[in-house]
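The file upload.cif comes next; it holds mmCIF, C-alpha atoms.
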```cif
data_upload
loop_
_atom_site.group_PDB
_atom_site.id
_atom_site.type_symbol
_atom_site.label_atom_id
_atom_site.label_comp_id
_atom_site.auth_asym_id
_atom_site.auth_seq_id
_atom_site.Cartn_x
_atom_site.Cartn_y
_atom_site.Cartn_z
ATOM 1 C CA MET A 27 181.068 64.045 75.980
ATOM 2 C CA GLU A 28 178.497 66.437 77.447
ATOM 3 C CA LYS A 29 177.934 64.100 80.384
ATOM 4 C CA THR A 30 181.675 63.969 81.129
ATOM 5 C CA ARG A 31 181.850 67.756 81.024
ATOM 6 C CA THR A 32 178.875 68.029 83.387
ATOM 7 C CA ILE A 33 180.513 65.702 85.919
ATOM 8 C CA ALA A 34 183.912 67.433 85.672
ATOM 9 C CA GLN A 35 182.509 70.908 86.331
ATOM 10 C CA PRO A 36 181.211 70.190 89.871
ATOM 11 C CA ARG A 37 184.520 68.505 90.668
ATOM 12 C CA ARG A 38 186.456 71.615 89.608
ATOM 13 C CA GLN A 39 184.090 73.803 91.615
ATOM 14 C CA SER A 40 184.518 71.560 94.662
ATOM 15 C CA THR A 41 188.305 71.711 94.328
ATOM 16 C CA ALA A 42 188.205 75.500 94.025
ATOM 17 C CA ARG A 43 186.029 75.754 97.153
ATOM 18 C CA SER A 44 188.432 73.464 99.018
ATOM 19 C CA HIS A 45 191.407 75.598 98.021
ATOM 20 C CA ARG A 46 189.613 78.802 99.024
ATOM 21 C CA ALA A 47 188.757 77.328 102.429
ATOM 22 C CA ALA A 48 192.388 76.220 102.908
ATOM 23 C CA SER A 49 193.648 79.666 101.872
ATOM 24 C CA LEU A 50 191.309 81.392 104.309
ATOM 25 C CA SER A 51 192.464 79.031 107.051
ATOM 26 C CA VAL A 52 196.138 79.932 106.487
ATOM 27 C CA LEU A 53 195.263 83.627 106.311
ATOM 28 C CA ALA A 54 193.361 83.444 109.617
ATOM 29 C CA GLY A 55 196.374 81.775 111.234
ATOM 30 C CA ALA A 56 198.689 84.476 109.906
ATOM 31 C CA LEU A 57 196.436 87.159 111.371
ATOM 32 C CA CYS A 58 196.661 85.482 114.778
ATOM 33 C CA LEU A 59 200.452 85.195 114.537
ATOM 34 C CA SER A 60 200.802 88.882 113.714
ATOM 35 C CA ALA A 61 200.166 89.904 117.312
ATOM 36 C CA SER A 62 202.704 87.464 118.781
ATOM 37 C CA ALA A 63 205.757 89.742 118.779
ATOM 38 C CA VAL A 64 203.826 92.617 120.344
ATOM 39 C CA LEU A 65 202.480 90.306 123.070
ATOM 40 C CA VAL A 66 206.019 89.058 123.787
ATOM 41 C CA LYS A 67 207.291 92.619 124.190
ATOM 42 C CA LEU A 68 204.313 93.699 126.329
ATOM 43 C CA ALA A 69 204.703 90.689 128.636
ATOM 44 C CA GLY A 70 208.281 91.732 129.355
ATOM 45 C CA VAL A 71 209.419 88.246 130.387
ATOM 46 C CA ASP A 72 212.935 87.144 129.421
ATOM 47 C CA PRO A 73 213.184 85.520 125.960
ATOM 48 C CA SER A 74 214.035 81.937 126.975
ATOM 49 C CA THR A 75 211.300 81.753 129.595
ATOM 50 C CA THR A 76 208.788 83.227 127.151
ATOM 51 C CA ALA A 77 209.648 80.618 124.509
ATOM 52 C CA VAL A 78 209.160 77.755 126.982
ATOM 53 C CA LEU A 79 205.993 79.073 128.620
ATOM 54 C CA ARG A 80 204.380 79.870 125.279
ATOM 55 C CA CYS A 81 204.510 76.193 124.384
ATOM 56 C CA ALA A 82 203.917 74.800 127.879
ATOM 57 C CA ILE A 83 200.736 76.828 128.388
ATOM 58 C CA ALA A 84 199.547 75.884 124.904
ATOM 59 C CA CYS A 85 199.960 72.180 125.756
ATOM 60 C CA ALA A 86 197.432 72.578 128.577
ATOM 61 C CA PHE A 87 194.848 73.490 125.940
ATOM 62 C CA LEU A 88 196.035 71.188 123.159
ATOM 63 C CA VAL A 89 196.228 67.892 125.090
ATOM 64 C CA PRO A 90 192.460 67.723 125.915
ATOM 65 C CA LEU A 91 191.631 68.706 122.340
ATOM 66 C CA ALA A 92 194.036 66.067 121.018
ATOM 67 C CA LEU A 93 192.461 63.355 123.189
ATOM 68 C CA TRP A 94 189.012 64.369 121.946
ATOM 69 C CA GLU A 95 190.237 64.197 118.325
ATOM 70 C CA ARG A 96 191.843 60.803 118.990
ATOM 71 C CA ARG A 97 188.513 59.372 120.219
ATOM 72 C CA ARG A 98 186.725 60.675 117.133
ATOM 73 C CA ARG A 99 189.259 59.962 114.390
ATOM 74 C CA GLY A 100 191.867 57.644 115.842
ATOM 75 C CA ALA A 101 195.554 58.189 116.421
ATOM 76 C CA PRO A 102 197.944 59.461 113.741
ATOM 77 C CA SER A 103 200.384 57.024 112.210
ATOM 78 C CA ARG A 104 203.800 56.536 113.800
ATOM 79 C CA THR A 105 205.355 58.265 110.814
ATOM 80 C CA ALA A 106 203.126 61.312 111.225
ATOM 81 C CA THR A 107 203.863 61.438 114.958
ATOM 82 C CA LEU A 108 207.598 61.273 114.290
ATOM 83 C CA TRP A 109 207.331 64.086 111.743
ATOM 84 C CA ALA A 110 205.449 66.176 114.333
ATOM 85 C CA ILE A 111 208.079 65.599 117.026
ATOM 86 C CA VAL A 112 210.969 66.493 114.712
ATOM 87 C CA ALA A 113 209.012 69.498 113.438
ATOM 88 C CA GLY A 114 208.553 70.563 117.055
ATOM 89 C CA ILE A 115 212.319 70.567 117.579
ATOM 90 C CA ALA A 116 212.626 73.009 114.676
ATOM 91 C CA LEU A 117 209.803 75.096 116.144
ATOM 92 C CA GLY A 118 211.561 75.206 119.524
ATOM 93 C CA VAL A 119 214.710 76.541 117.844
ATOM 94 C CA ASP A 120 212.546 79.047 115.985
ATOM 95 C CA TYR A 121 210.901 80.343 119.164
ATOM 96 C CA ALA A 122 214.131 80.475 121.182
ATOM 97 C CA ALA A 123 215.952 82.462 118.485
ATOM 98 C CA TRP A 124 213.019 84.644 117.435
ATOM 99 C CA THR A 125 212.002 85.693 120.954
ATOM 100 C CA ALA A 126 215.587 86.800 121.650
ATOM 101 C CA SER A 127 215.622 88.624 118.310
ATOM 102 C CA ILE A 128 212.586 90.691 119.348
ATOM 103 C CA TYR A 129 214.582 92.279 122.181
ATOM 104 C CA HIS A 130 217.464 93.078 119.827
ATOM 105 C CA VAL A 131 215.815 94.478 116.698
ATOM 106 C CA GLY A 132 212.195 95.041 117.743
ATOM 107 C CA ALA A 133 208.911 93.241 117.280
ATOM 108 C CA GLY A 134 208.287 94.378 113.703
ATOM 109 C CA ILE A 135 211.745 93.853 112.199
ATOM 110 C CA SER A 136 212.201 90.457 113.876
ATOM 111 C CA THR A 137 208.949 89.254 112.331
ATOM 112 C CA VAL A 138 210.063 90.442 108.892
ATOM 113 C CA LEU A 139 213.364 88.570 109.269
ATOM 114 C CA VAL A 140 211.746 85.288 110.314
ATOM 115 C CA ASN A 141 209.873 85.245 107.013
ATOM 116 C CA VAL A 142 213.006 84.284 105.130
ATOM 117 C CA GLN A 143 211.239 80.939 105.551
ATOM 118 C CA VAL A 144 209.712 81.581 102.145
ATOM 119 C CA ILE A 145 213.194 81.145 100.633
ATOM 120 C CA VAL A 146 214.180 78.174 102.797
ATOM 121 C CA LEU A 147 210.913 76.300 102.281
ATOM 122 C CA PRO A 148 211.250 75.900 98.481
ATOM 123 C CA ALA A 149 214.928 75.015 99.006
ATOM 124 C CA LEU A 150 213.894 72.145 101.291
ATOM 125 C CA ALA A 151 211.304 70.984 98.781
ATOM 126 C CA PHE A 152 213.986 70.981 96.077
ATOM 127 C CA ALA A 153 216.584 69.193 98.212
ATOM 128 C CA PHE A 154 214.327 66.431 99.548
ATOM 129 C CA ASP A 155 211.389 66.205 97.144
ATOM 130 C CA GLY A 156 213.038 67.148 93.873
ATOM 131 C CA GLU A 157 210.710 70.124 93.337
ATOM 132 C CA ARG A 158 212.660 72.611 91.259
ATOM 133 C CA PRO A 159 212.360 76.176 92.559
ATOM 134 C CA PRO A 160 210.585 78.473 90.109
ATOM 135 C CA ARG A 161 212.368 81.290 88.342
ATOM 136 C CA ARG A 162 210.855 83.857 90.729
ATOM 137 C CA PHE A 163 212.632 82.097 93.595
ATOM 138 C CA LEU A 164 216.039 82.821 92.053
ATOM 139 C CA LEU A 165 215.015 86.407 91.313
ATOM 140 C CA ALA A 166 213.983 86.942 94.942
ATOM 141 C CA VAL A 167 217.249 85.808 96.568
ATOM 142 C CA PRO A 168 219.285 89.006 95.835
ATOM 143 C CA ALA A 169 216.489 91.254 97.171
ATOM 144 C CA MET A 170 216.159 89.141 100.306
ATOM 145 C CA GLY A 171 219.916 89.142 100.879
ATOM 146 C CA ALA A 172 220.212 92.902 100.403
ATOM 147 C CA GLY A 173 217.262 93.494 102.706
ATOM 148 C CA ILE A 174 218.721 91.340 105.470
ATOM 149 C CA VAL A 175 222.066 93.165 105.236
ATOM 150 C CA MET A 176 220.311 96.540 105.508
ATOM 151 C CA VAL A 177 218.200 95.423 108.458
ATOM 152 C CA GLY A 178 221.173 93.920 110.234
ATOM 153 C CA GLY A 179 224.093 96.266 109.703
ATOM 154 C CA ILE A 180 223.605 99.505 107.840
ATOM 155 C CA GLY A 181 222.169 102.467 109.668
ATOM 156 C CA ALA A 182 222.788 101.222 113.214
ATOM 157 C CA GLY A 183 223.440 103.914 115.774
ATOM 158 C CA ALA A 184 225.994 103.389 118.516
ATOM 159 C CA GLU A 185 228.455 100.531 118.314
ATOM 160 C CA THR A 186 226.685 98.597 121.079
ATOM 161 C CA ASP A 187 223.336 99.079 119.418
ATOM 162 C CA GLY A 188 224.898 98.011 116.134
ATOM 163 C CA ASP A 189 226.167 94.799 117.719
ATOM 164 C CA ARG A 190 222.673 94.074 119.066
ATOM 165 C CA VAL A 191 221.136 94.695 115.656
ATOM 166 C CA VAL A 192 223.588 92.309 113.981
ATOM 167 C CA SER A 193 223.033 89.586 116.598
ATOM 168 C CA GLY A 194 219.278 90.147 116.418
ATOM 169 C CA THR A 195 219.383 89.777 112.645
ATOM 170 C CA VAL A 196 221.341 86.513 112.880
ATOM 171 C CA LEU A 197 218.841 85.203 115.430
ATOM 172 C CA GLY A 198 215.919 86.291 113.250
ATOM 173 C CA VAL A 199 217.311 84.491 110.205
ATOM 174 C CA LEU A 200 218.040 81.377 112.299
ATOM 175 C CA ALA A 201 214.441 81.501 113.512
ATOM 176 C CA GLY A 202 213.290 81.725 109.887
ATOM 177 C CA VAL A 203 215.175 78.535 109.052
ATOM 178 C CA GLY A 204 213.522 76.752 111.990
ATOM 179 C CA TYR A 205 210.161 78.143 110.887
ATOM 180 C CA ALA A 206 210.627 76.777 107.363
ATOM 181 C CA VAL A 207 211.676 73.332 108.609
ATOM 182 C CA TYR A 208 208.615 73.244 110.866
ATOM 183 C CA LEU A 209 206.258 74.144 108.001
ATOM 184 C CA TYR A 210 207.873 71.608 105.678
ATOM 185 C CA LEU A 211 207.754 68.685 108.135
ATOM 186 C CA THR A 212 204.268 69.558 109.396
ATOM 187 C CA ARG A 213 202.901 69.527 105.865
ATOM 188 C CA ARG A 214 204.405 66.069 105.365
ATOM 189 C CA GLY A 215 203.035 64.761 108.645
ATOM 190 C CA ASN A 216 199.517 66.106 108.105
ATOM 191 C CA ARG A 217 199.399 64.520 104.673
ATOM 192 C CA ALA A 218 200.524 61.207 106.127
ATOM 193 C CA SER A 219 197.610 61.247 108.619
ATOM 194 C CA PRO A 220 194.978 63.723 107.404
ATOM 195 C CA GLY A 221 192.289 64.882 109.778
ATOM 196 C CA ARG A 222 194.496 64.615 112.877
ATOM 197 C CA THR A 223 195.837 68.141 112.962
ATOM 198 C CA VAL A 224 195.345 68.757 116.694
ATOM 199 C CA GLN A 225 197.235 65.613 117.732
ATOM 200 C CA SER A 226 200.150 66.496 115.464
ATOM 201 C CA LEU A 227 200.170 70.058 116.793
ATOM 202 C CA ALA A 228 200.109 68.790 120.386
ATOM 203 C CA TRP A 229 203.129 66.539 119.763
ATOM 204 C CA ALA A 230 204.976 69.354 117.981
ATOM 205 C CA THR A 231 204.216 71.870 120.748
ATOM 206 C CA LEU A 232 205.355 69.466 123.469
ATOM 207 C CA SER A 233 208.556 68.842 121.502
ATOM 208 C CA ALA A 234 209.035 72.597 121.009
ATOM 209 C CA ALA A 235 208.618 73.253 124.751
ATOM 210 C CA THR A 236 211.241 70.608 125.553
ATOM 211 C CA THR A 237 213.646 71.985 122.940
ATOM 212 C CA ALA A 238 213.232 75.571 124.139
ATOM 213 C CA ALA A 239 213.851 74.450 127.740
ATOM 214 C CA LEU A 240 217.048 72.624 126.714
ATOM 215 C CA LEU A 241 218.252 75.736 124.883
ATOM 216 C CA ALA A 242 217.376 78.093 127.758
ATOM 217 C CA PRO A 243 220.772 77.774 129.548
ATOM 218 C CA PHE A 244 222.454 79.033 126.361
ATOM 219 C CA GLY A 245 220.192 82.096 126.324
ATOM 220 C CA SER A 246 218.697 84.147 129.125
ATOM 221 C CA GLY A 247 217.990 81.119 131.332
ATOM 222 C CA LEU A 248 214.689 79.836 132.639
ATOM 223 C CA ASP A 249 213.044 81.674 135.540
ATOM 224 C CA ILE A 250 209.303 81.638 136.225
ATOM 225 C CA THR A 251 209.573 83.501 139.544
ATOM 226 C CA GLY A 252 208.608 87.139 139.777
ATOM 227 C CA ILE A 253 206.303 87.116 136.736
ATOM 228 C CA SER A 254 203.452 89.544 137.346
ATOM 229 C CA ALA A 255 199.770 88.657 136.937
ATOM 230 C CA ARG A 256 199.611 90.996 133.925
ATOM 231 C CA SER A 257 202.533 89.208 132.268
ATOM 232 C CA TRP A 258 200.968 85.792 132.934
ATOM 233 C CA LEU A 259 197.763 87.002 131.272
ATOM 234 C CA LEU A 260 199.687 88.221 128.237
ATOM 235 C CA LEU A 261 201.608 84.924 128.029
ATOM 236 C CA LEU A 262 198.297 83.071 128.216
ATOM 237 C CA LEU A 263 196.965 85.161 125.333
ATOM 238 C CA LEU A 264 200.199 84.545 123.406
ATOM 239 C CA ALA A 265 199.890 80.773 123.900
ATOM 240 C CA VAL A 266 196.214 80.564 122.941
ATOM 241 C CA LEU A 267 196.214 83.038 120.060
ATOM 242 C CA GLY A 268 199.743 82.668 118.711
ATOM 243 C CA GLN A 269 200.233 78.942 119.271
ATOM 244 C CA VAL A 270 196.965 76.994 119.592
ATOM 245 C CA ILE A 271 194.594 78.913 117.304
ATOM 246 C CA ALA A 272 197.163 80.215 114.807
ATOM 247 C CA TRP A 273 198.838 76.865 114.109
ATOM 248 C CA MET A 274 195.577 74.913 114.023
ATOM 249 C CA PHE A 275 194.469 77.223 111.201
ATOM 250 C CA ILE A 276 197.824 77.184 109.378
ATOM 251 C CA ASN A 277 198.481 73.442 109.716
ATOM 252 C CA THR A 278 194.982 72.595 108.501
ATOM 253 C CA GLY A 279 195.131 74.874 105.469
ATOM 254 C CA SER A 280 198.746 74.281 104.421
ATOM 255 C CA ALA A 281 198.163 70.545 103.929
ATOM 256 C CA GLU A 282 195.866 71.425 101.012
ATOM 257 C CA LEU A 283 198.010 74.102 99.376
ATOM 258 C CA ALA A 284 201.277 74.360 97.489
ATOM 259 C CA PRO A 285 204.193 75.603 99.637
ATOM 260 C CA SER A 286 204.477 78.783 97.527
ATOM 261 C CA THR A 287 200.803 79.590 98.075
ATOM 262 C CA THR A 288 201.087 79.043 101.829
ATOM 263 C CA ALA A 289 204.164 81.276 101.970
ATOM 264 C CA ALA A 290 202.405 83.984 99.959
ATOM 265 C CA LEU A 291 199.394 84.026 102.255
ATOM 266 C CA LEU A 292 201.664 84.226 105.304
ATOM 267 C CA LEU A 293 202.925 87.567 103.941
ATOM 268 C CA VAL A 294 200.224 89.280 105.975
ATOM 269 C CA HIS A 295 202.138 88.201 109.100
ATOM 270 C CA PRO A 296 205.217 90.502 108.817
ATOM 271 C CA ILE A 297 203.250 93.368 107.302
ATOM 272 C CA LEU A 298 200.734 93.501 110.147
ATOM 273 C CA ALA A 299 203.453 92.896 112.742
ATOM 274 C CA LEU A 300 205.297 96.014 111.559
ATOM 275 C CA ALA A 301 202.070 98.032 111.742
ATOM 276 C CA LEU A 302 201.176 96.706 115.213
ATOM 277 C CA ALA A 303 204.688 97.326 116.537
ATOM 278 C CA ALA A 304 204.504 100.940 115.346
ATOM 279 C CA ALA A 305 200.997 101.487 116.725
ATOM 280 C CA VAL A 306 201.282 99.679 120.075
ATOM 281 C CA LEU A 307 204.999 99.841 120.924
ATOM 282 C CA ALA A 308 205.902 103.047 119.055
ATOM 283 C CA GLU A 309 208.776 101.209 117.353
ATOM 284 C CA ARG A 310 210.343 103.330 114.634
ATOM 285 C CA PRO A 311 212.976 101.459 112.606
ATOM 286 C CA GLN A 312 215.940 103.306 111.113
ATOM 287 C CA PRO A 313 215.215 104.449 107.515
ATOM 288 C CA THR A 314 217.700 101.946 106.095
ATOM 289 C CA GLN A 315 216.162 99.187 108.234
ATOM 290 C CA LEU A 316 212.726 100.090 106.929
ATOM 291 C CA VAL A 317 214.002 99.966 103.338
ATOM 292 C CA GLY A 318 215.592 96.610 104.135
ATOM 293 C CA ALA A 319 212.313 95.339 105.569
ATOM 294 C CA VAL A 320 210.513 96.426 102.388
ATOM 295 C CA LEU A 321 213.105 94.549 100.315
ATOM 296 C CA VAL A 322 212.648 91.420 102.425
ATOM 297 C CA VAL A 323 208.853 91.558 102.104
ATOM 298 C CA THR A 324 209.167 92.230 98.362
ATOM 299 C CA GLY A 325 211.500 89.276 97.975
ATOM 300 C CA VAL A 326 209.100 87.119 99.935
ATOM 301 C CA ALA A 327 206.244 88.263 97.694
ATOM 302 C CA VAL A 328 208.183 87.410 94.529
ATOM 303 C CA ALA A 329 209.433 84.051 95.832
ATOM 304 C CA GLY A 330 206.030 83.078 97.191
ATOM 305 C CA ASN A 331 204.148 84.135 94.043
ATOM 306 C CA ALA A 332 201.855 86.296 96.141
ATOM 307 C CA VAL A 333 199.488 87.334 93.379
ATOM 308 C CA PRO A 334 198.298 83.809 92.517
ATOM 309 C CA GLY A 335 198.177 83.097 96.239
ATOM 310 C CA ALA A 336 195.776 85.966 96.736
ATOM 311 C CA VAL A 337 193.753 84.929 93.699
ATOM 312 C CA ALA A 338 193.063 81.648 95.501
ATOM 313 C CA LEU A 339 190.657 83.581 97.721
ATOM 314 C CA LEU A 340 188.509 84.691 94.820
ATOM 315 C CA PRO A 341 185.545 82.691 93.467
ATOM 316 C CA ARG A 342 187.472 81.611 90.386
ATOM 317 C CA GLY A 343 190.869 81.407 92.076
ATOM 318 C CA LYS A 344 192.206 78.144 90.662
ATOM 319 C CA ARG A 345 195.648 79.041 89.398
ATOM 320 C CA GLY A 346 197.359 80.126 92.623
ATOM 321 C CA ALA A 347 196.000 77.412 94.853
ATOM 322 C CA GLY A 348 196.874 74.317 92.878
ATOM 323 C CA ARG A 349 199.229 71.807 94.403
#
```
Mind turning this structure into structure tokens?
Amino acid sequence: MEKTRTIAQPRRQSTARSHRAASLSVLAGALCLSASAVLVKLAGVDPSTTAVLRCAIACAFLVPLALWERRRRGAPSRTATLWAIVAGIALGVDYAAWTASIYHVGAGISTVLVNVQVIVLPALAFAFDGERPPRRFLLAVPAMGAGIVMVGGIGAGAETDGDRVVSGTVLGVLAGVGYAVYLYLTRRGNRASPGRTVQSLAWATLSAATTAALLAPFGSGLDITGISARSWLLLLLLAVLGQVIAWMFINTGSAELAPSTTAALLLVHPILALALAAAVLAERPQPTQLVGAVLVVTGVAVAGNAVPGAVALLPRGKRGAGR
């Protein structure tokens, strides 16, 4: 009995360390993503072109890394590759809608809206995997809905501005759905072929670039002429920080964590984005929009079970990180 207990203890410690490492990986990715909206606004390139170039530039970095990973660990399975390609389509929709949303409702608010993914993600798990959403999920839905209504309609100024806020809110929520589908399918693909994160990300990014390009005619169009050197530099930073580095961290960590824990850790993304937008872009949301944003973040925190998710980072954090 004592021998069994002695063997089990190192296993539990190893599992806890693995979960902490995965949690830190997701958190690092969220920190990188937080600057994305500000970089988009600073670059000043039209939304559709930004969405395409973000992915296209990232591919230039990801393809060599993917080939290196392939030589070391082999190719992912066909199933995993298919998941990555389909996930990339969802990511392309996410980027096309979210980038347009930034120019309608601002960098901070758009990033808050896209995090409705924390509601959609458990819904997908329930619909396709039979995972029943926890009670906190149902409690969070009214707060999220009220917050989205406040961000998108109440407190708008002129009629034109109000129309832009409503359209920006719809685009932000649509982006959140694409975001959730991407996270869900990526988690499946990475579990089908573990240790091949870069190859999956490369396939997904290539698919996202293609999808964003196909959607460009329905948005602001695609035009790479007249982009200044400063804007190209900012787009390069957006691609490397917000696409390559961020998703390598998130995709690696999320494969080892429960969806609710991943969603909880990603909470740092909208919170920091709001702070960065205020500090760098001087964006000041309407009071009702700010209240709505707080409601959305609160709903996300409740739905994602943020407290156990944060506990996963502590030395004894076993409860929040379990699968």
Please measure the separation of atom CA of Thr231 of chain A and atom CA of Ile115 of chain A, giving the value in Å to one decimal.
8.8 Å
Å distance separating atom CA of Leu65 of chain A from atom CA of Pro285 of chain A, one decimal place
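Result for atom CA of Leu65 of chain A versus atom CA of Pro285 of chain A: 27.7 Å, one decimal.
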Report as a ChimeraX atom specification the residues that result from applying the PyMOL selection byres ((chain A and resi 215-223) around 12) to the structure here.
/A:88,91-114,208-214,224-230,270-271,273-283
Give as a PDB file with C-alpha atoms, in the coordinates of the input the residues that the PyMOL selection byres ((chain A and resi 121) around 9) matches when applied to the coordinates above.
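Contents of out_6.pdb, freshly written:
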```pdb
ATOM      1  CA  PRO A  73     213.184  85.520 125.960  1.00  0.00           C
ATOM      2  CA  SER A  74     214.035  81.937 126.975  1.00  0.00           C
ATOM      3  CA  THR A  76     208.788  83.227 127.151  1.00  0.00           C
ATOM      4  CA  ALA A  77     209.648  80.618 124.509  1.00  0.00           C
ATOM      5  CA  VAL A  78     209.160  77.755 126.982  1.00  0.00           C
ATOM      6  CA  ARG A  80     204.380  79.870 125.279  1.00  0.00           C
ATOM      7  CA  ALA A 116     212.626  73.009 114.676  1.00  0.00           C
ATOM      8  CA  LEU A 117     209.803  75.096 116.144  1.00  0.00           C
ATOM      9  CA  GLY A 118     211.561  75.206 119.524  1.00  0.00           C
ATOM     10  CA  VAL A 119     214.710  76.541 117.844  1.00  0.00           C
ATOM     11  CA  ASP A 120     212.546  79.047 115.985  1.00  0.00           C
ATOM     12  CA  ALA A 122     214.131  80.475 121.182  1.00  0.00           C
ATOM     13  CA  ALA A 123     215.952  82.462 118.485  1.00  0.00           C
ATOM     14  CA  TRP A 124     213.019  84.644 117.435  1.00  0.00           C
ATOM     15  CA  THR A 125     212.002  85.693 120.954  1.00  0.00           C
ATOM     16  CA  ALA A 126     215.587  86.800 121.650  1.00  0.00           C
ATOM     17  CA  ALA A 201     214.441  81.501 113.512  1.00  0.00           C
ATOM     18  CA  GLY A 204     213.522  76.752 111.990  1.00  0.00           C
ATOM     19  CA  TYR A 205     210.161  78.143 110.887  1.00  0.00           C
ATOM     20  CA  ALA A 234     209.035  72.597 121.009  1.00  0.00           C
ATOM     21  CA  ALA A 238     213.232  75.571 124.139  1.00  0.00           C
TER      22      ALA A 238
END
```
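Note that the spacing between atom CA of Gly252 of chain A and atom CA of Leu68 of chain A amounts to 15.6 Å.
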Residues selected by the PyMOL selection byres ((chain A and resi 157-171) around 6), written as a list in words
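Given this file, the PyMOL selection byres ((chain A and resi 157-171) around 6) evaluates to Ala151, Phe152, Asp155, Gly156, Ala172, Gly173, Ile174, Leu321, Val322, Gly325, Val328 and Ala329 of chain A.
Closest approach to Leu261 of chain A from the set A:Tyr129, A:Ile83, A:Pro311, A:Ala56 is made by A:Ile83, with distances taken over only C-alpha atoms.
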Restricting the calculation to only C-alpha atoms, which member of A:Pro296, A:Pro90, A:Gly70, A:Gly245 is positioned closest to Val138 of chain A?
A:Pro296
So, counting only C-alpha atoms, which residue among A:Ser136, A:Gln269, A:Ser49, A:Ser257 is closest to Ser193 of chain A?
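So, comparing all the options, the nearest one is A:Ser136.
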Neighbour list for segment 264-268 of chain A as an MDAnalysis selection string, cut-off 9 Å, only C-alpha atoms, skip fewer than 3 positions in-chain
chainID A and resid 55 58:63 65:66 79:85 87 259:261 271:273
What does the file look like for those residues with C-alpha atoms, as a PDB file, in the frame of the given file?
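Below is the file that was written, result.pdb:
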```pdb
ATOM      1  CA  GLY A  55     196.374  81.775 111.234  1.00  0.00           C
ATOM      2  CA  CYS A  58     196.661  85.482 114.778  1.00  0.00           C
ATOM      3  CA  LEU A  59     200.452  85.195 114.537  1.00  0.00           C
ATOM      4  CA  SER A  60     200.802  88.882 113.714  1.00  0.00           C
ATOM      5  CA  ALA A  61     200.166  89.904 117.312  1.00  0.00           C
ATOM      6  CA  SER A  62     202.704  87.464 118.781  1.00  0.00           C
ATOM      7  CA  ALA A  63     205.757  89.742 118.779  1.00  0.00           C
ATOM      8  CA  LEU A  65     202.480  90.306 123.070  1.00  0.00           C
ATOM      9  CA  VAL A  66     206.019  89.058 123.787  1.00  0.00           C
ATOM     10  CA  LEU A  79     205.993  79.073 128.620  1.00  0.00           C
ATOM     11  CA  ARG A  80     204.380  79.870 125.279  1.00  0.00           C
ATOM     12  CA  CYS A  81     204.510  76.193 124.384  1.00  0.00           C
ATOM     13  CA  ALA A  82     203.917  74.800 127.879  1.00  0.00           C
ATOM     14  CA  ILE A  83     200.736  76.828 128.388  1.00  0.00           C
ATOM     15  CA  ALA A  84     199.547  75.884 124.904  1.00  0.00           C
ATOM     16  CA  CYS A  85     199.960  72.180 125.756  1.00  0.00           C
ATOM     17  CA  PHE A  87     194.848  73.490 125.940  1.00  0.00           C
ATOM     18  CA  LEU A 259     197.763  87.002 131.272  1.00  0.00           C
ATOM     19  CA  LEU A 260     199.687  88.221 128.237  1.00  0.00           C
ATOM     20  CA  LEU A 261     201.608  84.924 128.029  1.00  0.00           C
ATOM     21  CA  ILE A 271     194.594  78.913 117.304  1.00  0.00           C
ATOM     22  CA  ALA A 272     197.163  80.215 114.807  1.00  0.00           C
ATOM     23  CA  TRP A 273     198.838  76.865 114.109  1.00  0.00           C
TER      24      TRP A 273
END
```
Anything within 8 Å of (212.8, 95.7, 106.1): list those residues as a VMD selection string, counting all atoms listed in the file and sticking to the file's coordinates.
chain A and resid 135 138 to 139 173 to 174 176 to 177 314 to 323
Pick out the residues sitting within 7 Å of segment 302-308 of chain A, and hand them over as a VMD selection string; count all atoms listed in the file, and ignore anything fewer than 4 positions along from it in its own chain.
chain A and resid 64 133 to 134 298
Please identify all polymer residues within 8 Å of His130 of chain A, counting all atoms listed in the file, omitting same-chain residues fewer than 2 positions from it, and present them as a list of chain:residue names.
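These residues fall inside the cut-off: A:Ala126, A:Ser127, A:Ile128, A:Gly132, A:Arg190, A:Val191, A:Ser193, A:Gly194.
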For C-alpha atoms, I'd like the residues from the last selection saved as a PDB file, keeping the file's coordinate frame.
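Okay, result.pdb is ready:
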```
ATOM      1  CA  ALA A 126     215.587  86.800 121.650  1.00  0.00           C
ATOM      2  CA  SER A 127     215.622  88.624 118.310  1.00  0.00           C
ATOM      3  CA  ILE A 128     212.586  90.691 119.348  1.00  0.00           C
ATOM      4  CA  GLY A 132     212.195  95.041 117.743  1.00  0.00           C
ATOM      5  CA  ARG A 190     222.673  94.074 119.066  1.00  0.00           C
ATOM      6  CA  VAL A 191     221.136  94.695 115.656  1.00  0.00           C
ATOM      7  CA  SER A 193     223.033  89.586 116.598  1.00  0.00           C
ATOM      8  CA  GLY A 194     219.278  90.147 116.418  1.00  0.00           C
TER       9      GLY A 194
END
```
